[in-house]
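What follows is one structure encoded as structure tokens, with my remarks underneath.
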Amino acid sequence: MSHDDENYVLGYGDGAMDWMRSRTVDVHGAFVLPYLEPGGSLLDCGCGPGSLTIGFAQYLSPGRVVGIDRERAQMAAAIAWAADHGVENLQFETGDVYSLPFEDACFNAVFCSAVLGSVSRPAAVVREMVRVLKPGGIIAMKEFDHGGDIVYPQTPQLVRSIELYQRVRAEHGHESRGGRRLREWLHDNGCHIEHSHAFFDQRTAATDLPDYVDRNNRLIDEVLATRYIELGWATRAEIDEQARDWERFARDPVSLYAAAWVEAVGRKPAEGYGRKPAEG
Ligand SMILES: C[S@@+](CC[C@H](N)C(=O)[O-])C[C@H]1O[C@@H](n2cnc3c(N)ncnc32)[C@H](O)[C@@H]1O
């Protein structure tokens, strides 16, 4: 199966882009930084709109940083940003993470965030990431795990909305519980597991839950609602009702939305690159 058959479910509308662009290396990629050395090279697989890729390029300068994604249009703003700021160690390429257009063993570090839960053969993607990694190099991955999410309190409409989202992912053969499997994928590809950490990304009405729900509702409207209706799983009226319940949920002071994530770092066997952070 090529990536074209996989039907990436989140799409590339404003809601999806706002979601990805909100991620920065300082927060979302902070777990990787202790393993990187400025001057080293890094490949960001499934880089989306590139906010994390830009952060890595700044951190690793003058090391070469490449972002690769199947959908070029979403990278346009990041490409323009790099040109405007004269950032020369950063490049973006269009390509498939199942078949990376690079020779074996050519990057010091390979990274991917929120990609392995959106492909049907994540273990094959990890194998390909390890292929392009230099011996002794670092592979760092971050993935959600929808099996661990806490959404409280739930109305029947919210339960239904969550079920639809999980079902559409399953329909495409995507692993919506990928976070718990990162260690397994590293181990199965012969990497030494250097670090893993499971945590919740918590949102409440007092913080950014209303913004988060607004982005999610837009994302559902942009692509998912059409899929649900085409597949005969829900009507437009039901989806609108679910969106209203999410809006009420977002304003309720007792609401808790905690998304489960796992991050993991592995090393391809052999000495030579990166430094192991101090214990403790
Ligand atoms: C949820 S987004 C994550 C973007 C970014 N890594 C982040 O964390 O913000 C997933 C990205 O993976 C890309 N993607 C999915 N399947 C792919 C494939 N087979 N090859 C290349 N990119 C792919 C999508 O185009 C999308 O940009």
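Chains: A, B, ... in order of the structure tokens. Residues: from 1 per chain. Ligands: from 1, in order shown.
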Residue list (strand (DSSP E), DSSP) for range 12-259 of chain A, as JSON, numbers by chain: {"A": [42, 43, 44, 45, 65, 66, 67, 68, 69, 90, 91, 92, 93, 94, 107, 108, 109, 110, 111, 112, 113, 133, 134, 135, 136, 137, 138, 139, 140, 141, 142, 143, 144, 150, 151, 152, 192, 193, 194, 195, 196, 197, 198, 199, 200, 201, 202, 203, 256, 257, 258, 259]}
Non-local contacts of Lys134 in chain A (7 Å; only C-alpha atoms; under 3 positions in same chain excluded) as a list in words: Ala105, Cys106, Phe107, Asn108 and Gly137 of chain A
Contact residues around Asn89 in chain A with only C-alpha atoms at 7 Å, ignoring same-chain residues under 2 positions, as a PyMOL selection string: chain A and resi 57+61-65+87+91
Filtering to C-alpha atoms, could you give me those residues as a tab-separated table (two decimals), in the first residue's frame?
```
chain	number	residue	atom	x	y	z
A	57	ALA	CA	17.10	24.20	12.72
A	61	SER	CA	22.56	25.53	13.51
A	62	PRO	CA	24.75	25.18	11.49
A	63	GLY	CA	23.70	21.50	11.39
A	64	ARG	CA	21.48	20.53	8.46
A	65	VAL	CA	17.78	20.08	9.29
A	87	VAL	CA	18.11	30.40	7.60
A	91	GLN	CA	15.17	22.65	3.93
```
Residue neighbourhood Arg160 in chain A, 12 Å, only C-alpha atoms, exclusion window fewer than 4 positions, as a list of chain:residue names: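 Near Arg160 in chain A, the qualifying residues are A:Gln154, A:Thr155, A:Pro156, A:Leu164, A:Tyr165, A:Gln166, A:Arg167, A:Tyr228, A:Trp233, A:Ala234, A:Glu238, A:Ile239, A:Glu241, A:Gln242, A:Ala243, A:Asp245, A:Trp246.
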Distance criterion (only C-alpha atoms and all ligand atoms): nearest to ligand 1 out of A:Tyr152, A:Tyr98, A:Trp185, A:Tyr212: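 Smallest distance to ligand 1 is found for A:Tyr98.
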Protein and nucleic acid residues within 6 Å of ligand 1 (only C-alpha atoms and all ligand atoms) as a list in words: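 The residues within 6 Å of ligand 1, counting only C-alpha atoms and all ligand atoms, are His3, Tyr8, Met20, Arg23, Gly46, Cys47, Gly48, Asp69, Arg70, Glu71, Gly95, Asp96, Val97, Tyr98, Cys112, Ser113, Ala114, Val115, Ser118 and Val119 of chain A.
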